[in-house]
$ cat structure-v3.cif   # mmCIF, N, CA and C atoms
data_run
#
loop_
_atom_site.label_atom_id
_atom_site.label_comp_id
_atom_site.auth_asym_id
_atom_site.auth_seq_id
_atom_site.Cartn_x
_atom_site.Cartn_y
_atom_site.Cartn_z
N MET A 1 0.82 -1.19 0.00
CA MET A 1 0.00 0.00 0.00
C MET A 1 0.85 1.25 0.00
N ARG A 2 2.02 1.17 0.60
CA ARG A 2 2.88 2.35 0.65
C ARG A 2 3.29 2.79 -0.74
N ARG A 3 3.43 1.88 -1.65
CA ARG A 3 3.85 2.23 -3.00
C ARG A 3 2.72 2.88 -3.78
N ILE A 4 1.49 2.51 -3.56
CA ILE A 4 0.35 3.07 -4.27
C ILE A 4 0.07 4.48 -3.81
N PHE A 5 0.20 4.75 -2.51
CA PHE A 5 -0.11 6.06 -1.96
C PHE A 5 0.69 7.18 -2.61
N PRO A 6 2.01 7.07 -2.72
CA PRO A 6 2.78 8.16 -3.35
C PRO A 6 2.40 8.37 -4.81
N ILE A 7 2.05 7.33 -5.54
CA ILE A 7 1.64 7.49 -6.94
C ILE A 7 0.31 8.24 -7.00
N PHE A 8 -0.61 7.91 -6.10
CA PHE A 8 -1.90 8.58 -6.06
C PHE A 8 -1.74 10.07 -5.74
N VAL A 9 -0.87 10.39 -4.80
CA VAL A 9 -0.60 11.79 -4.44
C VAL A 9 0.00 12.53 -5.63
N LEU A 10 0.91 11.90 -6.32
CA LEU A 10 1.51 12.54 -7.49
C LEU A 10 0.46 12.77 -8.59
N PHE A 11 -0.45 11.81 -8.72
CA PHE A 11 -1.52 11.96 -9.71
C PHE A 11 -2.39 13.17 -9.39
N LEU A 12 -2.78 13.32 -8.14
CA LEU A 12 -3.61 14.46 -7.73
C LEU A 12 -2.86 15.78 -7.87
N ALA A 13 -1.59 15.76 -7.59
CA ALA A 13 -0.79 16.98 -7.70
C ALA A 13 -0.70 17.45 -9.14
N GLY A 14 -0.74 16.53 -10.08
CA GLY A 14 -0.64 16.87 -11.50
C GLY A 14 -1.94 17.34 -12.11
N CYS A 15 -3.05 17.17 -11.42
CA CYS A 15 -4.36 17.58 -11.96
C CYS A 15 -4.54 19.08 -11.78
N PRO A 16 -4.92 19.77 -12.81
CA PRO A 16 -5.14 21.21 -12.66
C PRO A 16 -6.38 21.46 -11.83
N ALA A 17 -6.41 22.63 -11.24
CA ALA A 17 -7.58 23.02 -10.46
C ALA A 17 -8.79 23.16 -11.38
N LYS A 18 -9.97 22.99 -10.82
CA LYS A 18 -11.19 23.10 -11.61
C LYS A 18 -11.30 24.53 -12.15
N THR A 19 -11.55 24.64 -13.44
CA THR A 19 -11.67 25.96 -14.07
C THR A 19 -13.06 26.12 -14.64
N GLU A 20 -13.45 27.35 -14.81
CA GLU A 20 -14.74 27.66 -15.42
C GLU A 20 -14.65 27.35 -16.91
N ARG A 21 -15.68 26.72 -17.45
CA ARG A 21 -15.72 26.46 -18.89
C ARG A 21 -16.15 27.73 -19.61
N ALA A 22 -15.53 27.94 -20.74
CA ALA A 22 -15.93 29.10 -21.56
C ALA A 22 -17.34 28.85 -22.07
N ALA A 23 -18.13 29.89 -22.08
CA ALA A 23 -19.50 29.77 -22.56
C ALA A 23 -19.48 29.41 -24.04
N ALA A 24 -20.35 28.51 -24.44
CA ALA A 24 -20.45 28.13 -25.85
C ALA A 24 -20.94 29.32 -26.66
N PRO A 25 -20.41 29.47 -27.86
CA PRO A 25 -20.88 30.59 -28.68
C PRO A 25 -22.37 30.39 -29.00
N PRO A 26 -23.09 31.49 -29.16
CA PRO A 26 -24.52 31.35 -29.49
C PRO A 26 -24.67 30.68 -30.85
N PRO A 27 -25.75 29.90 -31.06
CA PRO A 27 -25.93 29.23 -32.36
C PRO A 27 -26.10 30.25 -33.48
N ALA A 28 -25.58 29.88 -34.64
CA ALA A 28 -25.73 30.75 -35.80
C ALA A 28 -27.22 30.86 -36.14
N GLU A 29 -27.59 31.99 -36.66
CA GLU A 29 -28.99 32.19 -37.03
C GLU A 29 -29.38 31.17 -38.10
N ALA A 30 -30.51 30.54 -37.90
CA ALA A 30 -30.98 29.52 -38.85
C ALA A 30 -31.28 30.15 -40.21
N VAL A 31 -30.93 29.44 -41.26
CA VAL A 31 -31.17 29.92 -42.62
C VAL A 31 -32.60 29.57 -43.00
N ASP A 32 -33.33 30.53 -43.54
CA ASP A 32 -34.71 30.30 -43.98
C ASP A 32 -34.68 29.87 -45.45
N TRP A 33 -34.46 28.57 -45.67
CA TRP A 33 -34.35 28.05 -47.03
C TRP A 33 -35.64 28.23 -47.81
N ALA A 34 -36.78 28.10 -47.14
CA ALA A 34 -38.08 28.22 -47.83
C ALA A 34 -38.26 29.61 -48.43
N ALA A 35 -37.76 30.62 -47.75
CA ALA A 35 -37.89 31.99 -48.26
C ALA A 35 -36.85 32.33 -49.32
N ALA A 36 -35.87 31.45 -49.52
CA ALA A 36 -34.77 31.73 -50.45
C ALA A 36 -35.12 31.46 -51.90
N PHE A 37 -36.17 30.69 -52.16
CA PHE A 37 -36.48 30.27 -53.53
C PHE A 37 -37.98 30.30 -53.75
N GLU A 38 -38.40 31.02 -54.79
CA GLU A 38 -39.81 31.06 -55.18
C GLU A 38 -39.90 30.70 -56.66
N HIS A 39 -41.01 30.08 -57.04
CA HIS A 39 -41.21 29.80 -58.46
C HIS A 39 -42.70 29.76 -58.76
N GLU A 40 -43.01 30.07 -60.01
CA GLU A 40 -44.40 30.03 -60.49
C GLU A 40 -44.38 29.35 -61.85
N VAL A 41 -45.24 28.35 -62.01
CA VAL A 41 -45.33 27.61 -63.27
C VAL A 41 -46.61 28.00 -63.97
N ARG A 42 -46.50 28.30 -65.26
CA ARG A 42 -47.68 28.65 -66.06
C ARG A 42 -47.55 28.03 -67.44
N PHE A 43 -48.68 27.94 -68.14
CA PHE A 43 -48.68 27.42 -69.50
C PHE A 43 -48.82 28.59 -70.46
N ASP A 44 -47.94 28.68 -71.44
CA ASP A 44 -47.99 29.72 -72.47
C ASP A 44 -48.51 29.05 -73.74
N ALA A 45 -49.78 29.30 -74.06
CA ALA A 45 -50.43 28.66 -75.22
C ALA A 45 -49.75 29.04 -76.54
N ALA A 46 -49.29 30.28 -76.66
CA ALA A 46 -48.65 30.73 -77.90
C ALA A 46 -47.37 29.94 -78.18
N LYS A 47 -46.65 29.58 -77.14
CA LYS A 47 -45.41 28.82 -77.30
C LYS A 47 -45.64 27.31 -77.11
N SER A 48 -46.84 26.94 -76.68
CA SER A 48 -47.14 25.56 -76.30
C SER A 48 -46.04 25.05 -75.36
N ALA A 49 -45.81 25.84 -74.31
CA ALA A 49 -44.71 25.56 -73.40
C ALA A 49 -45.07 25.89 -71.96
N LEU A 50 -44.40 25.18 -71.06
CA LEU A 50 -44.44 25.54 -69.65
C LEU A 50 -43.40 26.63 -69.44
N VAL A 51 -43.76 27.63 -68.68
CA VAL A 51 -42.84 28.70 -68.34
C VAL A 51 -42.75 28.74 -66.82
N VAL A 52 -41.54 28.65 -66.31
CA VAL A 52 -41.32 28.69 -64.87
C VAL A 52 -40.53 29.95 -64.56
N ASP A 53 -41.17 30.85 -63.82
CA ASP A 53 -40.50 32.06 -63.37
C ASP A 53 -39.90 31.77 -62.00
N VAL A 54 -38.59 31.95 -61.88
CA VAL A 54 -37.84 31.63 -60.67
C VAL A 54 -37.32 32.91 -60.05
N LYS A 55 -37.41 33.01 -58.71
CA LYS A 55 -36.81 34.12 -57.98
C LYS A 55 -35.96 33.55 -56.85
N VAL A 56 -34.67 33.90 -56.87
CA VAL A 56 -33.74 33.47 -55.83
C VAL A 56 -33.40 34.70 -55.00
N ALA A 57 -33.61 34.61 -53.69
CA ALA A 57 -33.40 35.74 -52.78
C ALA A 57 -31.93 36.17 -52.76
N PRO A 58 -31.69 37.46 -52.46
CA PRO A 58 -30.31 37.95 -52.35
C PRO A 58 -29.52 37.13 -51.32
N GLY A 59 -28.26 36.83 -51.65
CA GLY A 59 -27.41 36.04 -50.77
C GLY A 59 -27.52 34.54 -51.01
N PHE A 60 -28.42 34.13 -51.89
CA PHE A 60 -28.62 32.72 -52.20
C PHE A 60 -28.39 32.50 -53.68
N HIS A 61 -28.23 31.24 -54.07
CA HIS A 61 -28.16 30.89 -55.49
C HIS A 61 -28.74 29.49 -55.67
N ALA A 62 -29.18 29.22 -56.89
CA ALA A 62 -29.62 27.89 -57.31
C ALA A 62 -28.64 27.45 -58.39
N TYR A 63 -28.70 26.19 -58.76
CA TYR A 63 -27.80 25.66 -59.78
C TYR A 63 -28.55 25.44 -61.09
N THR A 64 -27.81 25.46 -62.19
CA THR A 64 -28.41 25.24 -63.50
C THR A 64 -27.56 24.26 -64.31
N VAL A 65 -27.89 24.10 -65.57
CA VAL A 65 -27.24 23.14 -66.45
C VAL A 65 -25.72 23.33 -66.47
N GLY A 66 -24.99 22.23 -66.38
CA GLY A 66 -23.53 22.27 -66.37
C GLY A 66 -22.96 22.13 -64.98
N GLU A 67 -23.80 22.23 -63.97
CA GLU A 67 -23.39 22.09 -62.57
C GLU A 67 -22.90 20.67 -62.30
N THR A 68 -21.76 20.54 -61.57
CA THR A 68 -21.25 19.20 -61.25
C THR A 68 -21.19 18.93 -59.76
N THR A 69 -21.41 19.93 -58.92
CA THR A 69 -21.30 19.71 -57.47
C THR A 69 -22.65 19.71 -56.76
N GLY A 70 -23.65 20.37 -57.30
CA GLY A 70 -24.97 20.43 -56.67
C GLY A 70 -26.03 19.89 -57.62
N ARG A 71 -27.28 20.05 -57.24
CA ARG A 71 -28.40 19.56 -58.06
C ARG A 71 -28.93 20.72 -58.91
N PRO A 72 -28.78 20.64 -60.23
CA PRO A 72 -29.26 21.72 -61.10
C PRO A 72 -30.79 21.72 -61.24
N LEU A 73 -31.32 22.85 -61.68
CA LEU A 73 -32.74 22.95 -61.99
C LEU A 73 -33.11 21.87 -63.00
N GLU A 74 -34.26 21.23 -62.77
CA GLU A 74 -34.70 20.20 -63.71
C GLU A 74 -36.22 20.16 -63.74
N LEU A 75 -36.77 20.38 -64.92
CA LEU A 75 -38.21 20.36 -65.14
C LEU A 75 -38.61 19.01 -65.70
N SER A 76 -39.68 18.42 -65.16
CA SER A 76 -40.18 17.16 -65.69
C SER A 76 -41.70 17.20 -65.71
N VAL A 77 -42.30 16.41 -66.63
CA VAL A 77 -43.77 16.33 -66.73
C VAL A 77 -44.20 14.87 -66.70
N ASP A 78 -45.43 14.65 -66.24
CA ASP A 78 -46.00 13.30 -66.17
C ASP A 78 -46.65 12.95 -67.50
N ASP A 79 -46.75 11.63 -67.77
CA ASP A 79 -47.47 11.15 -68.96
C ASP A 79 -48.92 11.60 -68.90
N PRO A 80 -49.55 11.88 -70.01
CA PRO A 80 -49.15 11.62 -71.39
C PRO A 80 -48.34 12.77 -72.01
N TRP A 81 -47.99 13.76 -71.24
CA TRP A 81 -47.25 14.90 -71.77
C TRP A 81 -45.79 14.53 -72.01
N LYS A 82 -45.21 15.16 -73.01
CA LYS A 82 -43.79 15.00 -73.34
C LYS A 82 -43.15 16.38 -73.30
N LEU A 83 -41.94 16.41 -72.81
CA LEU A 83 -41.20 17.66 -72.70
C LEU A 83 -40.18 17.73 -73.82
N GLY A 84 -40.15 18.87 -74.54
CA GLY A 84 -39.16 19.07 -75.60
C GLY A 84 -37.84 19.56 -75.01
N ASP A 85 -37.04 20.22 -75.83
CA ASP A 85 -35.76 20.77 -75.36
C ASP A 85 -36.02 21.95 -74.44
N VAL A 86 -35.72 21.77 -73.18
CA VAL A 86 -35.96 22.79 -72.17
C VAL A 86 -34.85 23.83 -72.22
N ALA A 87 -35.25 25.11 -72.18
CA ALA A 87 -34.29 26.21 -72.12
C ALA A 87 -34.14 26.63 -70.66
N TYR A 88 -33.00 26.28 -70.07
CA TYR A 88 -32.71 26.65 -68.69
C TYR A 88 -31.90 27.94 -68.68
N PRO A 89 -31.91 28.68 -67.56
CA PRO A 89 -31.09 29.89 -67.49
C PRO A 89 -29.61 29.55 -67.65
N LYS A 90 -28.86 30.45 -68.26
CA LYS A 90 -27.44 30.22 -68.53
C LYS A 90 -26.62 30.16 -67.23
N GLY A 91 -26.83 31.07 -66.32
CA GLY A 91 -26.09 31.09 -65.05
C GLY A 91 -24.68 31.61 -65.20
N THR A 92 -24.01 31.70 -64.07
CA THR A 92 -22.63 32.16 -64.00
C THR A 92 -21.75 30.97 -63.64
N GLU A 93 -20.73 30.72 -64.45
CA GLU A 93 -19.87 29.56 -64.25
C GLU A 93 -18.71 29.90 -63.33
N LYS A 94 -18.46 28.97 -62.37
CA LYS A 94 -17.32 29.11 -61.47
C LYS A 94 -16.60 27.77 -61.41
N ASN A 95 -15.28 27.80 -61.61
CA ASN A 95 -14.49 26.57 -61.48
C ASN A 95 -13.94 26.51 -60.07
N LEU A 96 -14.41 25.50 -59.31
CA LEU A 96 -14.02 25.33 -57.92
C LEU A 96 -13.10 24.13 -57.80
N PRO A 97 -12.37 24.02 -56.70
CA PRO A 97 -11.49 22.84 -56.51
C PRO A 97 -12.26 21.52 -56.54
N ILE A 98 -13.55 21.54 -56.19
CA ILE A 98 -14.34 20.30 -56.15
C ILE A 98 -15.13 20.05 -57.43
N GLY A 99 -15.08 20.97 -58.38
CA GLY A 99 -15.79 20.78 -59.64
C GLY A 99 -16.32 22.09 -60.20
N LYS A 100 -17.06 21.96 -61.28
CA LYS A 100 -17.62 23.14 -61.96
C LYS A 100 -18.97 23.48 -61.33
N SER A 101 -19.17 24.75 -61.06
CA SER A 101 -20.42 25.23 -60.51
C SER A 101 -21.02 26.25 -61.47
N VAL A 102 -22.32 26.12 -61.71
CA VAL A 102 -23.02 27.07 -62.58
C VAL A 102 -24.23 27.55 -61.78
N ILE A 103 -24.18 28.81 -61.35
CA ILE A 103 -25.20 29.32 -60.43
C ILE A 103 -26.13 30.34 -61.08
N VAL A 104 -27.35 30.38 -60.53
CA VAL A 104 -28.37 31.34 -60.94
C VAL A 104 -28.70 32.18 -59.72
N GLU A 105 -28.65 33.49 -59.88
CA GLU A 105 -29.01 34.42 -58.81
C GLU A 105 -30.10 35.35 -59.32
N GLY A 106 -30.93 35.85 -58.41
CA GLY A 106 -31.98 36.80 -58.79
C GLY A 106 -33.12 36.12 -59.54
N ALA A 107 -33.61 36.79 -60.59
CA ALA A 107 -34.74 36.28 -61.37
C ALA A 107 -34.25 35.52 -62.60
N ALA A 108 -34.95 34.45 -62.92
CA ALA A 108 -34.60 33.63 -64.09
C ALA A 108 -35.86 32.97 -64.62
N GLN A 109 -35.74 32.37 -65.80
CA GLN A 109 -36.89 31.73 -66.41
C GLN A 109 -36.48 30.42 -67.08
N ILE A 110 -37.36 29.42 -66.94
CA ILE A 110 -37.20 28.13 -67.60
C ILE A 110 -38.36 28.00 -68.59
N VAL A 111 -38.07 27.60 -69.82
CA VAL A 111 -39.13 27.40 -70.82
C VAL A 111 -39.01 25.99 -71.36
N GLY A 112 -40.10 25.22 -71.17
CA GLY A 112 -40.11 23.83 -71.60
C GLY A 112 -41.26 23.55 -72.53
N PRO A 113 -41.01 23.37 -73.84
CA PRO A 113 -42.08 23.03 -74.79
C PRO A 113 -42.71 21.70 -74.40
N VAL A 114 -44.04 21.63 -74.47
CA VAL A 114 -44.74 20.39 -74.13
C VAL A 114 -45.65 19.96 -75.28
N SER A 115 -45.87 18.65 -75.36
CA SER A 115 -46.78 18.11 -76.36
C SER A 115 -47.39 16.83 -75.81
N ALA A 116 -48.52 16.44 -76.41
CA ALA A 116 -49.17 15.18 -76.06
C ALA A 116 -50.00 14.76 -77.25
N GLU A 117 -50.16 13.45 -77.45
CA GLU A 117 -50.96 12.96 -78.58
C GLU A 117 -52.41 13.39 -78.46
N ALA A 118 -52.96 13.23 -77.29
CA ALA A 118 -54.33 13.69 -77.02
C ALA A 118 -54.26 14.53 -75.76
N PRO A 119 -53.95 15.81 -75.90
CA PRO A 119 -53.69 16.65 -74.73
C PRO A 119 -54.86 16.70 -73.74
N PRO A 120 -54.59 16.33 -72.51
CA PRO A 120 -55.60 16.52 -71.47
C PRO A 120 -55.58 17.98 -71.05
N GLY A 121 -56.48 18.36 -70.20
CA GLY A 121 -56.57 19.77 -69.80
C GLY A 121 -55.58 20.19 -68.74
N THR A 122 -54.86 19.24 -68.13
CA THR A 122 -53.95 19.59 -67.04
C THR A 122 -52.59 18.95 -67.26
N ILE A 123 -51.55 19.74 -66.99
CA ILE A 123 -50.18 19.24 -67.05
C ILE A 123 -49.69 19.12 -65.61
N ARG A 124 -49.21 17.94 -65.28
CA ARG A 124 -48.63 17.71 -63.95
C ARG A 124 -47.15 17.41 -64.12
N GLY A 125 -46.38 17.87 -63.16
CA GLY A 125 -44.95 17.61 -63.23
C GLY A 125 -44.24 18.04 -61.95
N LYS A 126 -42.91 18.16 -62.06
CA LYS A 126 -42.09 18.55 -60.92
C LYS A 126 -40.96 19.47 -61.37
N LEU A 127 -40.56 20.32 -60.45
CA LEU A 127 -39.38 21.15 -60.63
C LEU A 127 -38.40 20.77 -59.54
N ALA A 128 -37.24 20.24 -59.93
CA ALA A 128 -36.18 19.89 -58.98
C ALA A 128 -35.22 21.07 -58.90
N TYR A 129 -34.76 21.35 -57.68
CA TYR A 129 -33.83 22.47 -57.48
C TYR A 129 -33.07 22.29 -56.17
N GLN A 130 -31.98 23.04 -56.04
CA GLN A 130 -31.23 23.09 -54.79
C GLN A 130 -30.79 24.53 -54.58
N VAL A 131 -30.98 25.03 -53.38
CA VAL A 131 -30.63 26.40 -53.03
C VAL A 131 -29.46 26.38 -52.05
N CYS A 132 -28.51 27.30 -52.26
CA CYS A 132 -27.32 27.37 -51.41
C CYS A 132 -26.95 28.81 -51.11
N THR A 133 -26.08 28.96 -50.12
CA THR A 133 -25.37 30.21 -49.87
C THR A 133 -23.90 29.89 -50.12
N ASP A 134 -23.03 30.85 -49.91
CA ASP A 134 -21.60 30.56 -50.06
C ASP A 134 -21.10 29.64 -48.94
N ASP A 135 -21.88 29.51 -47.86
CA ASP A 135 -21.45 28.72 -46.70
C ASP A 135 -22.11 27.37 -46.57
N GLY A 136 -23.22 27.12 -47.28
CA GLY A 136 -23.90 25.84 -47.12
C GLY A 136 -25.07 25.71 -48.08
N CYS A 137 -25.64 24.51 -48.12
CA CYS A 137 -26.75 24.23 -49.03
C CYS A 137 -27.92 23.57 -48.32
N ASP A 138 -29.09 23.83 -48.85
CA ASP A 138 -30.28 23.12 -48.43
C ASP A 138 -30.26 21.77 -49.15
N ARG A 139 -31.05 20.84 -48.69
CA ARG A 139 -31.14 19.56 -49.38
C ARG A 139 -31.82 19.77 -50.74
N PRO A 140 -31.54 18.93 -51.71
CA PRO A 140 -32.26 19.04 -52.99
C PRO A 140 -33.75 18.83 -52.76
N ARG A 141 -34.56 19.58 -53.49
CA ARG A 141 -36.02 19.50 -53.33
C ARG A 141 -36.69 19.29 -54.68
N LYS A 142 -37.92 18.75 -54.63
CA LYS A 142 -38.77 18.60 -55.82
C LYS A 142 -40.13 19.20 -55.48
N ALA A 143 -40.53 20.17 -56.27
CA ALA A 143 -41.83 20.81 -56.07
C ALA A 143 -42.79 20.36 -57.16
N ALA A 144 -43.88 19.72 -56.76
CA ALA A 144 -44.89 19.27 -57.72
C ALA A 144 -45.72 20.46 -58.16
N PHE A 145 -46.21 20.41 -59.42
CA PHE A 145 -47.09 21.46 -59.92
C PHE A 145 -48.19 20.85 -60.76
N GLU A 146 -49.22 21.63 -60.95
CA GLU A 146 -50.35 21.26 -61.79
C GLU A 146 -50.84 22.52 -62.48
N VAL A 147 -50.86 22.51 -63.83
CA VAL A 147 -51.19 23.70 -64.61
C VAL A 147 -52.20 23.32 -65.69
N LYS A 148 -53.22 24.15 -65.88
CA LYS A 148 -54.19 23.93 -66.96
C LYS A 148 -53.55 24.33 -68.28
N ALA A 149 -53.67 23.46 -69.28
CA ALA A 149 -53.15 23.74 -70.62
C ALA A 149 -54.29 24.27 -71.46
N GLU A 150 -54.45 25.56 -71.48
CA GLU A 150 -55.56 26.20 -72.23
C GLU A 150 -55.04 27.13 -73.29
#

$ encode --input "structure-v3.cif" --output "structure tokens"
Amino acid sequence: MRRIFPIFVLFLAGCPAKTERAAAPPPAEAVDWAAAFEHEVRFDAAKSALVVDVKVAPGFHAYTVGETTGRPLELSVDDPWKLGDVAYPKGTEKNLPIGKSVIVEGAAQIVGPVSAEAPPGTIRGKLAYQVCTDDGCDRPRKAAFEVKAE
């Protein structure tokens, strides 16, 4: 027992005194991803096309065609409708260490020609998108839509 006691005393002597822990920094303000991206889908009879008006809030961006790191804008329609060559916004290209990024900021428009053998009165589909800031991204989302083709 005599040998254990001196080791225990040395152990206690080496322990620093109890100190106050620094207060944790306050949590960063939560990002309102829902408010960062708005879109409206309409049918343009003159063009026989779906037109999607997109608004990306200041400080945020969405991705478009050519993007390799995030989920680009993607318009799709349900049968019996068929989608032609969709015109997506051009965006601004940035070459990053992790890949090519093509971003859309502010207002943009997607135009997708549609056709069907026997057109029904309603077009159903989805718009896929991902919204980010320079510091982080929301999860990729798909917004369903339903538009009268008149």

$ resolve_selection --input "structure-v3.cif" --expression "the PyMOL selection byres ((chain A and resi 106) around 7)" --output "compact mmCIF listing (two decimals) with N, CA and C atoms, in the coordinates of the input"
# COMPACT_ATOMS: atom_id res chain seq x y z
N VAL A 54 -38.59 31.95 -61.88
CA VAL A 54 -37.84 31.63 -60.67
C VAL A 54 -37.32 32.91 -60.05
N LYS A 55 -37.41 33.01 -58.71
CA LYS A 55 -36.81 34.12 -57.98
C LYS A 55 -35.96 33.55 -56.85
N VAL A 56 -34.67 33.90 -56.87
CA VAL A 56 -33.74 33.47 -55.83
C VAL A 56 -33.40 34.70 -55.00
N ALA A 57 -33.61 34.61 -53.69
CA ALA A 57 -33.40 35.74 -52.78
C ALA A 57 -31.93 36.17 -52.76
N PRO A 58 -31.69 37.46 -52.46
CA PRO A 58 -30.31 37.95 -52.35
C PRO A 58 -29.52 37.13 -51.32
N PHE A 60 -28.42 34.13 -51.89
CA PHE A 60 -28.62 32.72 -52.20
C PHE A 60 -28.39 32.50 -53.68
N HIS A 61 -28.23 31.24 -54.07
CA HIS A 61 -28.16 30.89 -55.49
C HIS A 61 -28.74 29.49 -55.67
N VAL A 104 -27.35 30.38 -60.53
CA VAL A 104 -28.37 31.34 -60.94
C VAL A 104 -28.70 32.18 -59.72
N GLU A 105 -28.65 33.49 -59.88
CA GLU A 105 -29.01 34.42 -58.81
C GLU A 105 -30.10 35.35 -59.32
N ALA A 107 -33.61 36.79 -60.59
CA ALA A 107 -34.74 36.28 -61.37
C ALA A 107 -34.25 35.52 -62.60
N ALA A 108 -34.95 34.45 -62.92
CA ALA A 108 -34.60 33.63 -64.09
C ALA A 108 -35.86 32.97 -64.62

$ select_by_dssp --input "structure-v3.cif" --residues "segment 3-150 of chain A" --states "helix (DSSP H, G or I)" --output "PyMOL selection string"
chain A and resi 4-14+33-36

$ write_last_selection --input "structure-v3.cif" --atoms "N, CA and C atoms" --output "CSV table (one decimal), keeping the file's coordinate frame"
chain,number,residue,atom,x,y,z
A,4,ILE,N,1.5,2.5,-3.6
A,4,ILE,CA,0.4,3.1,-4.3
A,4,ILE,C,0.1,4.5,-3.8
A,5,PHE,N,0.2,4.8,-2.5
A,5,PHE,CA,-0.1,6.1,-2.0
A,5,PHE,C,0.7,7.2,-2.6
A,6,PRO,N,2.0,7.1,-2.7
A,6,PRO,CA,2.8,8.2,-3.4
A,6,PRO,C,2.4,8.4,-4.8
A,7,ILE,N,2.0,7.3,-5.5
A,7,ILE,CA,1.6,7.5,-6.9
A,7,ILE,C,0.3,8.2,-7.0
A,8,PHE,N,-0.6,7.9,-6.1
A,8,PHE,CA,-1.9,8.6,-6.1
A,8,PHE,C,-1.7,10.1,-5.7
A,9,VAL,N,-0.9,10.4,-4.8
A,9,VAL,CA,-0.6,11.8,-4.4
A,9,VAL,C,0.0,12.5,-5.6
A,10,LEU,N,0.9,11.9,-6.3
A,10,LEU,CA,1.5,12.5,-7.5
A,10,LEU,C,0.5,12.8,-8.6
A,11,PHE,N,-0.4,11.8,-8.7
A,11,PHE,CA,-1.5,12.0,-9.7
A,11,PHE,C,-2.4,13.2,-9.4
A,12,LEU,N,-2.8,13.3,-8.1
A,12,LEU,CA,-3.6,14.5,-7.7
A,12,LEU,C,-2.9,15.8,-7.9
A,13,ALA,N,-1.6,15.8,-7.6
A,13,ALA,CA,-0.8,17.0,-7.7
A,13,ALA,C,-0.7,17.4,-9.1
A,14,GLY,N,-0.7,16.5,-10.1
A,14,GLY,CA,-0.6,16.9,-11.5
A,14,GLY,C,-1.9,17.3,-12.1
A,33,TRP,N,-34.5,28.6,-45.7
A,33,TRP,CA,-34.4,28.0,-47.0
A,33,TRP,C,-35.6,28.2,-47.8
A,34,ALA,N,-36.8,28.1,-47.1
A,34,ALA,CA,-38.1,28.2,-47.8
A,34,ALA,C,-38.3,29.6,-48.4
A,35,ALA,N,-37.8,30.6,-47.8
A,35,ALA,CA,-37.9,32.0,-48.3
A,35,ALA,C,-36.8,32.3,-49.3
A,36,ALA,N,-35.9,31.4,-49.5
A,36,ALA,CA,-34.8,31.7,-50.4
A,36,ALA,C,-35.1,31.5,-51.9

$ residues_around --input "structure-v3.cif" --residues "Ser101 of chain A" --least-positions-apart "4" --cutoff "6 Å" --atoms "only C-alpha atoms" --output "list of chain:residue names"
A:Glu67, A:Glu93, A:Lys94

$ resolve_selection --input "structure-v3.cif" --expression "the PyMOL selection byres (((chain A and resi 126 and name CA) around 8) and name CA)" --output "JSON, numbers by chain"
{"A": [75, 76, 77, 124, 125, 127, 128, 142, 143, 144, 145]}

$ select_by_dssp --input "structure-v3.cif" --residues "chain A" --states "strand (DSSP E)" --output "ChimeraX atom specification"
/A:37-44,49-56,61-63,74-77,82-83,92-96,99-104,106-115,122-129,131-132,141-148

$ closest_residue --input "structure-v3.cif" --among "A:Thr92, A:Asp53, A:Ile123, A:Gln130" --to "Glu146 of chain A" --atoms "only N, CA and C atoms"
A:Ile123

$ resolve_selection --input "structure-v3.cif" --expression "the PyMOL selection byres ((chain A and resi 112) around 7)" --output "JSON, numbers by chain"
{"A": [48, 49, 50, 51, 52, 83, 84, 85, 86, 87, 110, 111, 113, 114]}

$ closest_residue --input "structure-v3.cif" --among "A:Thr122, A:His39, A:Pro140, A:Thr64" --to "Pro89 of chain A" --atoms "all atoms listed in the file"
A:Thr64

$ atom_distance --input "structure-v3.cif" --atom1 "atom CA of Val102 of chain A" --atom2 "atom CA of Val65 of chain A"
6.9 Å

$ residues_around --input "structure-v3.cif" --residues "Glu150 of chain A" --least-positions-apart "6" --cutoff "8 Å" --atoms "only C-alpha atoms" --output "JSON, numbers by chain"
{"A": [43, 45, 121]}

$ atom_distance --input "structure-v3.cif" --atom1 "atom CA of Ala35 of chain A" --atom2 "atom CA of Asn95 of chain A"
27.4 Å

$ atom_distance --input "structure-v3.cif" --atom1 "atom CA of Ala46 of chain A" --atom2 "atom CA of Ala116 of chain A"
15.7 Å

$ closest_residue --input "structure-v3.cif" --among "A:Gly70, A:Asp44, A:Ala30, A:Glu38" --to "Arg139 of chain A" --atoms "only C-alpha atoms"
A:Gly70
